[in-house]
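One file, target-v8.txt, carrying compact mmCIF, C-alpha atoms:
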```txt
# COMPACT_ATOMS: atom_id res chain seq x y z
CA MET O 27 -26.34 -24.18 -25.40
CA LEU O 28 -23.54 -21.62 -25.53
CA VAL O 29 -24.13 -18.06 -24.28
CA LYS O 30 -21.60 -15.22 -24.06
CA THR O 31 -21.70 -12.32 -21.62
CA ARG O 32 -19.13 -9.60 -21.06
CA SER O 33 -17.29 -8.61 -17.93
CA ALA O 34 -13.89 -7.16 -17.04
CA ALA O 35 -10.85 -7.92 -14.90
CA LEU O 36 -8.15 -5.75 -13.36
CA PHE O 37 -4.52 -5.55 -14.37
CA GLY O 38 -2.64 -3.09 -12.20
CA ILE O 39 -4.87 0.00 -12.00
CA ASP O 40 -6.39 -0.61 -15.43
CA ALA O 41 -8.98 -3.09 -16.67
CA TYR O 42 -9.42 -5.33 -19.69
CA LEU O 43 -12.50 -6.99 -21.14
CA VAL O 44 -13.29 -10.62 -20.33
CA ASP O 45 -15.69 -12.73 -22.39
CA VAL O 46 -17.61 -15.06 -20.08
CA GLU O 47 -18.60 -18.05 -22.20
CA VAL O 48 -21.20 -20.29 -20.54
CA ASP O 49 -22.05 -23.70 -21.98
CA LEU O 50 -24.87 -25.89 -20.63
CA SER O 51 -24.96 -29.53 -21.65
CA SER O 52 -27.10 -32.51 -20.63
CA SER O 53 -24.27 -34.89 -19.82
CA GLY O 54 -26.02 -36.62 -16.95
CA LEU O 55 -23.61 -35.04 -14.45
CA GLN O 56 -24.13 -31.74 -12.68
CA ASN O 57 -20.57 -30.50 -12.93
CA PHE O 58 -19.74 -26.80 -12.79
CA MET O 59 -16.31 -26.18 -14.25
CA ILE O 60 -14.59 -22.80 -14.57
CA VAL O 61 -11.53 -22.45 -16.81
CA GLY O 62 -9.40 -19.49 -17.90
CA LEU O 63 -6.82 -19.16 -15.09
CA PRO O 64 -9.29 -18.43 -12.24
CA ASP O 65 -8.03 -17.75 -8.73
CA ALA O 66 -9.58 -19.28 -5.60
CA ALA O 67 -12.34 -16.64 -5.35
CA VAL O 68 -13.34 -17.23 -8.98
CA LYS O 69 -13.30 -21.01 -8.55
CA GLU O 70 -15.70 -20.69 -5.63
CA SER O 71 -18.14 -18.78 -7.82
CA HIS O 72 -19.96 -21.93 -8.85
CA GLN O 73 -21.30 -22.42 -5.32
CA ARG O 74 -22.51 -18.82 -5.05
CA VAL O 75 -24.01 -18.80 -8.54
CA ARG O 76 -25.82 -22.12 -8.15
CA GLY O 77 -27.16 -21.13 -4.73
CA ALA O 78 -28.28 -17.67 -5.90
CA LEU O 79 -30.10 -19.06 -8.93
CA LYS O 80 -31.80 -21.79 -6.88
CA ASN O 81 -33.02 -19.32 -4.24
CA CYS O 82 -34.30 -17.03 -7.00
CA GLY O 83 -36.38 -19.86 -8.46
CA TYR O 84 -34.10 -21.03 -11.27
CA TYR O 85 -33.00 -24.63 -10.98
CA PHE O 86 -30.85 -26.28 -13.64
CA GLY O 87 -29.66 -29.88 -13.69
CA GLN O 88 -27.26 -29.59 -16.60
CA SER O 89 -23.51 -29.62 -16.57
CA VAL O 90 -21.99 -26.12 -16.81
CA THR O 91 -18.66 -25.10 -18.31
CA VAL O 92 -17.52 -21.47 -18.00
CA ASN O 93 -14.57 -20.10 -19.95
CA LEU O 94 -13.07 -16.74 -19.04
CA ALA O 95 -11.35 -15.39 -22.14
CA PRO O 96 -8.59 -14.43 -22.72
CA ALA O 97 -7.57 -17.64 -20.99
CA ASP O 98 -3.89 -16.77 -20.62
CA LYS O 99 -4.43 -13.98 -18.06
CA LYS O 100 -5.01 -14.61 -14.37
CA LYS O 101 -8.53 -13.74 -13.17
CA GLU O 102 -9.16 -12.77 -9.56
CA GLY O 103 -12.02 -11.57 -7.41
CA SER O 104 -15.70 -12.37 -7.09
CA GLY O 105 -16.98 -9.94 -9.73
CA PHE O 106 -17.57 -12.71 -12.28
CA ASP O 107 -20.51 -14.15 -10.31
CA LEU O 108 -23.08 -11.92 -12.01
CA PRO O 109 -21.97 -12.45 -15.64
CA MET O 110 -21.85 -16.22 -15.02
CA ALA O 111 -25.38 -16.18 -13.60
CA MET O 112 -26.66 -14.09 -16.52
CA GLY O 113 -25.06 -16.50 -18.98
CA ILE O 114 -26.86 -19.40 -17.34
CA LEU O 115 -30.16 -17.49 -17.35
CA GLY O 116 -29.62 -16.77 -21.04
CA ALA O 117 -29.07 -20.47 -21.71
CA LEU O 118 -32.26 -21.23 -19.77
CA GLU O 119 -34.05 -18.68 -22.00
CA ALA O 120 -34.95 -16.55 -18.98
CA ALA O 121 -32.99 -13.56 -20.33
CA PRO O 122 -32.79 -12.16 -23.89
CA VAL O 123 -29.38 -13.24 -25.20
CA ALA O 124 -29.63 -10.78 -28.10
CA ARG O 125 -29.28 -7.85 -25.66
CA PHE O 126 -26.19 -9.17 -23.89
CA PRO O 127 -23.64 -7.45 -26.21
CA ASP O 128 -24.96 -4.08 -24.99
CA PHE O 129 -24.20 -4.85 -21.35
CA LEU O 130 -21.12 -5.37 -19.22
CA PHE O 131 -21.94 -7.21 -15.98
CA LEU O 132 -19.98 -7.05 -12.76
CA GLY O 133 -20.86 -8.10 -9.22
CA GLU O 134 -20.57 -10.65 -6.46
CA LEU O 135 -23.66 -12.73 -5.67
CA GLY O 136 -24.98 -13.70 -2.28
CA LEU O 137 -26.79 -17.00 -1.86
CA ASP O 138 -30.07 -15.08 -1.64
CA GLY O 139 -29.45 -13.43 -5.02
CA SER O 140 -28.24 -10.11 -3.62
CA VAL O 141 -25.49 -8.26 -5.51
CA ARG O 142 -22.54 -7.21 -3.38
CA PRO O 143 -19.85 -4.57 -4.08
CA ILE O 144 -16.57 -5.30 -5.82
CA ARG O 145 -13.20 -3.59 -6.31
CA GLY O 146 -12.17 -1.55 -9.34
CA ALA O 147 -15.51 -0.26 -10.62
CA LEU O 148 -13.96 3.00 -11.89
CA PRO O 149 -11.23 1.52 -14.14
CA ILE O 150 -13.75 -1.01 -15.43
CA ALA O 151 -16.14 1.81 -16.33
CA VAL O 152 -13.28 3.52 -18.19
CA GLN O 153 -12.64 0.30 -20.11
CA ALA O 154 -16.35 -0.05 -20.94
CA ARG O 155 -16.32 3.45 -22.42
CA GLU O 156 -13.21 2.71 -24.49
CA ALA O 157 -14.81 -0.53 -25.76
CA ARG O 158 -18.01 1.41 -26.62
CA ILE O 159 -20.22 -0.77 -24.45
CA PRO O 160 -23.27 1.43 -23.76
CA ASN O 161 -24.49 -0.12 -20.48
CA LEU O 162 -22.61 -1.10 -17.34
CA VAL O 163 -24.35 -3.10 -14.59
CA VAL O 164 -22.61 -2.88 -11.21
CA PRO O 165 -23.61 -3.35 -7.55
CA ALA O 166 -25.56 -0.40 -6.16
CA ALA O 167 -22.70 0.40 -3.75
CA ASN O 168 -20.35 0.95 -6.72
CA ALA O 169 -22.76 2.96 -8.88
CA ARG O 170 -21.56 6.47 -7.92
CA GLU O 171 -17.93 5.50 -8.43
CA ALA O 172 -18.54 4.07 -11.90
CA ALA O 173 -20.93 6.88 -12.92
CA VAL O 174 -18.04 9.38 -12.78
CA VAL O 175 -17.15 8.10 -16.26
CA GLU O 176 -19.22 9.79 -18.94
CA GLU O 177 -20.68 8.20 -22.08
CA VAL O 178 -21.58 4.98 -20.22
CA ALA O 179 -25.01 4.31 -18.71
CA VAL O 180 -24.28 2.90 -15.24
CA TYR O 181 -27.03 0.91 -13.53
CA GLY O 182 -26.65 0.12 -9.84
CA VAL O 183 -28.50 -3.05 -8.87
CA SER O 184 -29.14 -4.77 -5.55
CA SER O 185 -30.35 -8.21 -6.62
CA LEU O 186 -30.23 -10.71 -9.44
CA GLY O 187 -33.95 -10.13 -10.03
CA GLU O 188 -33.28 -6.45 -10.76
CA VAL O 189 -30.61 -7.34 -13.30
CA LEU O 190 -32.96 -9.75 -15.03
CA ALA O 191 -35.72 -7.15 -15.15
CA LEU O 192 -33.30 -4.52 -16.50
CA VAL O 193 -32.05 -6.74 -19.31
CA ASN O 194 -35.61 -7.79 -20.16
CA GLY O 195 -36.53 -4.14 -20.66
CA VAL O 196 -38.87 -3.72 -17.70
CA PRO O 197 -39.52 0.05 -17.31
CA GLY O 198 -38.53 1.92 -14.19
CA PHE O 199 -34.74 1.70 -14.36
CA ALA O 200 -32.71 4.89 -14.72
CA PRO O 201 -28.91 5.12 -14.96
CA THR O 202 -27.00 6.71 -12.11
CA ARG O 203 -25.98 10.28 -12.89
CA VAL O 204 -23.00 12.01 -11.31
CA ASP O 205 -21.61 15.43 -12.20
CA ALA O 206 -17.92 14.58 -11.95
CA ARG O 207 -16.74 18.19 -11.63
CA GLN O 208 -19.29 18.94 -8.94
CA ALA O 209 -18.46 15.69 -7.12
CA LEU O 210 -14.78 16.66 -7.13
CA ALA O 211 -15.58 20.08 -5.68
CA GLN O 212 -17.77 18.56 -2.95
CA ALA O 213 -15.13 15.98 -2.02
CA SER O 214 -12.29 18.49 -1.76
CA ALA O 215 -12.90 19.43 1.89
CA TYR O 216 -10.40 18.30 4.54
CA ASN O 217 -11.20 17.31 8.12
CA VAL O 218 -8.23 19.34 9.42
CA ASP O 219 -6.71 22.66 8.41
CA PHE O 220 -3.21 24.14 8.48
CA ARG O 221 -4.71 27.37 9.88
CA GLU O 222 -5.57 25.56 13.10
CA VAL O 223 -1.89 25.45 14.13
CA ARG O 224 -0.89 28.15 16.60
CA GLY O 225 2.80 28.99 17.00
CA GLN O 226 5.47 26.75 15.42
CA GLN O 227 6.35 29.55 12.99
CA THR O 228 9.65 28.00 11.90
CA ALA O 229 8.12 24.57 11.29
CA LYS O 230 5.18 26.07 9.40
CA ARG O 231 7.54 28.09 7.22
CA ALA O 232 9.52 24.93 6.43
CA LEU O 233 6.33 23.11 5.45
CA GLU O 234 5.24 25.97 3.21
CA VAL O 235 8.58 25.88 1.39
CA ALA O 236 8.36 22.09 1.03
CA ALA O 237 4.79 22.36 -0.32
CA ALA O 238 5.72 25.10 -2.79
CA GLY O 239 8.67 23.17 -4.20
CA ALA O 240 7.36 19.62 -3.82
CA HIS O 241 10.27 18.79 -1.53
CA ASN O 242 10.63 15.98 0.95
CA ILE O 243 11.10 17.03 4.56
CA LEU O 244 12.68 15.55 7.70
CA MET O 245 11.21 16.74 11.00
CA ILE O 246 13.25 16.27 14.19
CA GLY O 247 11.94 17.03 17.66
CA PRO O 248 10.93 15.59 21.03
CA PRO O 249 7.65 13.68 21.43
CA GLY O 250 4.67 15.99 21.71
CA SER O 251 6.25 18.87 19.81
CA GLY O 252 3.64 18.67 17.04
CA LYS O 253 5.45 16.85 14.22
CA THR O 254 2.56 14.49 13.44
CA MET O 255 -0.03 17.24 13.83
CA LEU O 256 1.80 19.43 11.31
CA ALA O 257 2.33 16.55 8.89
CA LYS O 258 -1.39 15.68 8.83
CA ARG O 259 -2.21 19.25 7.87
CA LEU O 260 0.29 19.54 5.03
CA PRO O 261 -2.20 18.33 2.35
CA THR O 262 -4.48 21.26 3.15
CA ILE O 263 -1.94 23.77 1.78
CA LEU O 264 -1.08 21.77 -1.32
CA PRO O 265 -2.67 22.63 -4.68
CA GLY O 266 -6.06 21.04 -5.19
CA LEU O 267 -6.31 17.85 -7.22
CA SER O 268 -6.96 18.36 -10.90
CA PHE O 269 -9.70 16.24 -12.45
CA GLU O 270 -7.15 13.97 -14.15
CA GLU O 271 -5.23 13.53 -10.88
CA ALA O 272 -8.45 12.77 -9.05
CA ILE O 273 -9.41 10.07 -11.56
CA GLN O 274 -6.00 8.41 -11.39
CA THR O 275 -5.85 8.56 -7.59
CA THR O 276 -9.39 7.20 -7.31
CA LYS O 277 -8.52 4.31 -9.61
CA ILE O 278 -5.66 3.26 -7.35
CA HIS O 279 -7.81 3.37 -4.23
CA SER O 280 -10.67 1.60 -6.00
CA VAL O 281 -8.47 -1.26 -7.16
CA ALA O 282 -7.01 -1.54 -3.64
CA GLY O 283 -10.51 -1.71 -2.16
CA VAL O 284 -10.03 1.27 0.20
CA LEU O 285 -12.32 3.76 -1.55
CA ASP O 286 -15.38 4.93 0.38
CA PRO O 287 -18.39 3.78 -1.72
CA ALA O 288 -20.36 6.88 -0.74
CA GLN O 289 -17.61 9.16 -1.99
CA GLY O 290 -17.37 8.03 -5.59
CA LEU O 291 -14.46 10.34 -6.46
CA LEU O 292 -11.44 11.12 -4.30
CA GLY O 293 -11.18 14.91 -4.05
CA THR O 294 -8.44 15.38 -1.44
CA ARG O 295 -4.78 14.54 -1.67
CA PRO O 296 -4.04 11.19 0.01
CA PHE O 297 -2.25 11.09 3.34
CA ARG O 298 -0.78 7.66 4.11
CA SER O 299 0.95 6.90 7.39
CA PRO O 300 2.06 3.23 7.48
CA HIS O 301 3.17 1.73 10.79
CA HIS O 302 6.88 1.07 11.19
CA THR O 303 6.26 -2.71 11.30
CA ILE O 304 5.11 -2.71 7.66
CA SER O 305 6.78 -5.15 5.27
CA ASP O 306 8.48 -4.16 2.05
CA ALA O 307 5.63 -5.70 0.04
CA GLY O 308 3.12 -3.72 2.07
CA LEU O 309 4.99 -0.50 1.41
CA VAL O 310 5.71 -0.75 -2.33
CA GLY O 311 3.24 -3.50 -3.30
CA GLY O 312 3.50 -7.18 -4.10
CA GLY O 313 1.77 -10.54 -3.85
CA ASN O 314 1.31 -13.44 -6.28
CA ILE O 315 -1.13 -11.20 -8.14
CA PRO O 316 0.50 -7.78 -7.56
CA HIS O 317 -1.40 -5.24 -5.50
CA ALA O 318 -0.64 -1.60 -4.78
CA GLY O 319 1.30 -0.71 -1.65
CA GLU O 320 1.32 2.37 0.56
CA VAL O 321 3.64 4.26 -1.79
CA SER O 322 1.11 3.92 -4.61
CA LEU O 323 -1.82 4.72 -2.32
CA ALA O 324 -0.01 7.97 -1.50
CA HIS O 325 0.27 8.85 -5.21
CA ASN O 326 -0.38 12.58 -5.74
CA GLY O 327 -0.32 13.06 -1.98
CA VAL O 328 1.74 12.70 1.20
CA LEU O 329 3.61 9.65 2.49
CA PHE O 330 4.30 10.03 6.21
CA LEU O 331 6.92 7.77 7.82
CA ASP O 332 6.68 8.36 11.54
CA GLU O 333 9.65 7.29 13.69
CA LEU O 334 11.91 6.65 10.69
CA PRO O 335 14.65 4.66 12.51
CA GLU O 336 12.08 2.06 13.57
CA PHE O 337 11.48 0.98 9.96
CA ARG O 338 13.48 -2.07 8.88
CA ARG O 339 16.43 -1.39 6.61
CA ASN O 340 15.13 -3.52 3.72
CA VAL O 341 11.82 -1.65 3.84
CA LEU O 342 13.55 1.70 3.44
CA GLU O 343 15.84 0.36 0.70
CA VAL O 344 12.93 -0.68 -1.56
CA MET O 345 11.61 2.89 -1.49
CA ARG O 346 14.60 4.32 -3.36
CA GLN O 347 13.54 3.50 -6.91
CA PRO O 348 9.80 4.36 -6.51
CA LEU O 349 10.62 7.77 -5.08
CA GLU O 350 13.13 8.49 -7.84
CA ASP O 351 11.11 7.18 -10.80
CA GLY O 352 7.57 7.88 -9.61
CA VAL O 353 6.49 4.35 -10.49
CA VAL O 354 6.62 0.91 -8.86
CA THR O 355 7.29 -2.04 -11.16
CA ILE O 356 6.44 -5.44 -9.68
CA ALA O 357 7.68 -8.43 -11.68
CA ARG O 358 6.31 -11.93 -11.20
CA ALA O 359 6.71 -15.12 -13.24
CA ALA O 360 3.33 -14.69 -14.91
CA MET O 361 3.12 -10.89 -15.20
CA THR O 362 4.78 -7.53 -14.69
CA VAL O 363 2.64 -4.70 -13.31
CA ALA O 364 3.45 -1.01 -12.88
CA PHE O 365 1.74 1.17 -10.26
CA PRO O 366 2.05 4.98 -10.11
CA ALA O 367 4.02 6.22 -7.10
CA SER O 368 4.55 9.93 -7.62
CA VAL O 369 4.91 11.01 -3.99
CA SER O 370 6.34 14.50 -4.09
CA TYR O 371 5.88 15.13 -0.40
CA THR O 372 7.46 12.61 1.96
CA HIS O 373 7.47 13.33 5.68
CA LEU O 374 10.03 11.67 7.94
CA THR O 375 10.02 12.19 11.69
CA LEU O 376 12.89 11.53 14.03
CA PRO O 377 13.15 11.98 17.82
CA THR O 378 15.89 14.29 18.99
CA ASN O 379 17.77 11.45 20.69
CA ARG O 380 18.25 9.48 17.46
CA GLU O 381 20.63 10.06 14.58
CA VAL O 382 19.92 9.71 10.86
```

Please go through the file and, once you have read it, give me the structure as structure tokens.
Amino acid sequence: MLVKTRSAALFGIDAYLVDVEVDLSSSGLQNFMIVGLPDAAVKESHQRVRGALKNCGYYFGQSVTVNLAPADKKKEGSGFDLPMAMGILGALEAAPVARFPDFLFLGELGLDGSVRPIRGALPIAVQAREARIPNLVVPAANAREAAVVEEVAVYGVSSLGEVLALVNGVPGFAPTRVDARQALAQASAYNVDFREVRGQQTAKRALEVAAAGAHNILMIGPPGSGKTMLAKRLPTILPGLSFEEAIQTTKIHSVAGVLDPAQGLLGTRPFRSPHHTISDAGLVGGGNIPHAGEVSLAHNGVLFLDELPEFRRNVLEVMRQPLEDGVVTIARAAMTVAFPASVSYTHLTLPTNREV
């Protein structure tokens, strides 16, 4: 029996729909094959899905074939566990297949049937809204993040049993509600403040000018003179994030997996301070399946390079184009991905005994 469920995958900081086609057949073998350019995490899904279904009381002895369409795009991550499991439950007639087109499923399964958080819930929620899919089922830890997107009913679930009950229409489930504007206002408080700095009038004046004109700044001084302290407080005098900036910045951090699940929406300007041992791929992004680097994580915020001469030359060279163009383009044999990298405020520190 063939059953189709819907999920989504990430491409850069955006998402695209993936049709999860599950076919059960009585071939005598208990194979579980996944096709559609899956990565290692997706290939391992069959063990998690089979174990979760067995421990939830659903045993199947048939051969399973799962196709992730479109098949010409690389799929990564463990978020396809839940749509695969729901497809199998639909084939076993434990879930109403007729309701599947109204749902987009996303989540990693534990062997006990628990649903664990994933990366990129916000861009996937945006894609669900654009595709006019009314209901989005995500792990409970990702519910606030996804609920920032309006016009989509986001259900946070903790177990496979809850998902099954939701799809079967069992009463008692309510979508997660988040007032995006209010969430942005609540998340806009900083842990430090520029007003805490006493003295350093010249340095503070220089930072104010840099903040007003979106200029980069080079700070030179002996250790302990307050360069790092001042740099960390620069975001507090920058203009607040607009709602559009907050959404875009949150998408980058969500895809990178560094967003606090309890926060939902990033309301403060990012401050990234990579160590001087960072590689060029870590700074601007890279990998077989491209991921965002520190320059992109600092988008709409501050990139702080402490002890500038300690950074390797090739690392500094790769920053030239991102800082000029405001975007990082990573080309690989199978794909080309662009990440935003509009860092208007770059801090560089240099001891007094070193030359630029």

Original post:
Which residue, O:Leu28, O:Val75, O:Leu43, O:Ala213, has the smallest gap to O:Leu94 when you use all atoms listed in the file?
Top reply: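 Of O:Leu28, O:Val75, O:Leu43, O:Ala213, the one nearest O:Leu94 is O:Leu43, counting all atoms listed in the file.
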
Close residues, stretch 184-187 of chain O itself excluded, 6 Å, only C-alpha atoms, min 2 positions apart in chain, as a short mmCIF file (atom, residue, chain, number, x, y, z; two decimals) with C-alpha atoms, in the coordinates of the input:
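Once everything was written out, this is result.cif:
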```
data_model
loop_
_atom_site.label_atom_id
_atom_site.label_comp_id
_atom_site.auth_asym_id
_atom_site.auth_seq_id
_atom_site.Cartn_x
_atom_site.Cartn_y
_atom_site.Cartn_z
CA GLY O 139 -29.45 -13.43 -5.02
CA SER O 140 -28.24 -10.11 -3.62
CA VAL O 141 -25.49 -8.26 -5.51
CA ALA O 166 -25.56 -0.40 -6.16
CA VAL O 189 -30.61 -7.34 -13.30
CA LEU O 190 -32.96 -9.75 -15.03
#
```

**OP:** Using only C-alpha atoms, pick whichever of O:Gly311, O:Ile246, O:Val204, O:Arg295 has the shortest atom-to-atom distance to O:Gly266.
**Re:** O:Arg295

Tell me which protein, DNA and RNA residues are within 12 Å of O:Phe269, counting only C-alpha atoms, leaving out same-chain ones fewer than 5 positions away, and put them as a PDB file with C-alpha atoms, keeping the file's coordinate frame.
```pdb
ATOM      1  CA  VAL O 174     -18.040   9.380 -12.780  1.00  0.00           C
ATOM      2  CA  VAL O 175     -17.150   8.100 -16.260  1.00  0.00           C
ATOM      3  CA  ASP O 205     -21.610  15.430 -12.200  1.00  0.00           C
ATOM      4  CA  ALA O 206     -17.920  14.580 -11.950  1.00  0.00           C
ATOM      5  CA  ARG O 207     -16.740  18.190 -11.630  1.00  0.00           C
ATOM      6  CA  GLN O 208     -19.290  18.940  -8.940  1.00  0.00           C
ATOM      7  CA  ALA O 209     -18.460  15.690  -7.120  1.00  0.00           C
ATOM      8  CA  LEU O 210     -14.780  16.660  -7.130  1.00  0.00           C
ATOM      9  CA  ALA O 211     -15.580  20.080  -5.680  1.00  0.00           C
ATOM     10  CA  ALA O 213     -15.130  15.980  -2.020  1.00  0.00           C
ATOM     11  CA  SER O 214     -12.290  18.490  -1.760  1.00  0.00           C
ATOM     12  CA  GLN O 274      -6.000   8.410 -11.390  1.00  0.00           C
ATOM     13  CA  THR O 275      -5.850   8.560  -7.590  1.00  0.00           C
ATOM     14  CA  THR O 276      -9.390   7.200  -7.310  1.00  0.00           C
ATOM     15  CA  LEU O 291     -14.460  10.340  -6.460  1.00  0.00           C
ATOM     16  CA  LEU O 292     -11.440  11.120  -4.300  1.00  0.00           C
ATOM     17  CA  GLY O 293     -11.180  14.910  -4.050  1.00  0.00           C
ATOM     18  CA  THR O 294      -8.440  15.380  -1.440  1.00  0.00           C
ATOM     19  CA  ARG O 295      -4.780  14.540  -1.670  1.00  0.00           C
TER      20      ARG O 295
END
```

**OP:** Could you give me, as a VMD selection string, the residues within 9 Å of O:Pro143, counting only C-alpha atoms and dropping anything in the same chain fewer than 5 positions from it?
**Re:** chain O and resid 105 133 to 134 164 to 168 287

Subject >> Exercise: O:Val29 partners within 8 Å, all atoms listed in the file, chain neighbours under 3 positions left out, as a ChimeraX atom specification >> reply: /O:47-49,113-114,116-117,123

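The smallest atom-to-atom distance between O:Phe86 and any of O:Leu115, O:Ala360, O:Leu264, O:Leu132, using all atoms listed in the file, is found for O:Leu115.
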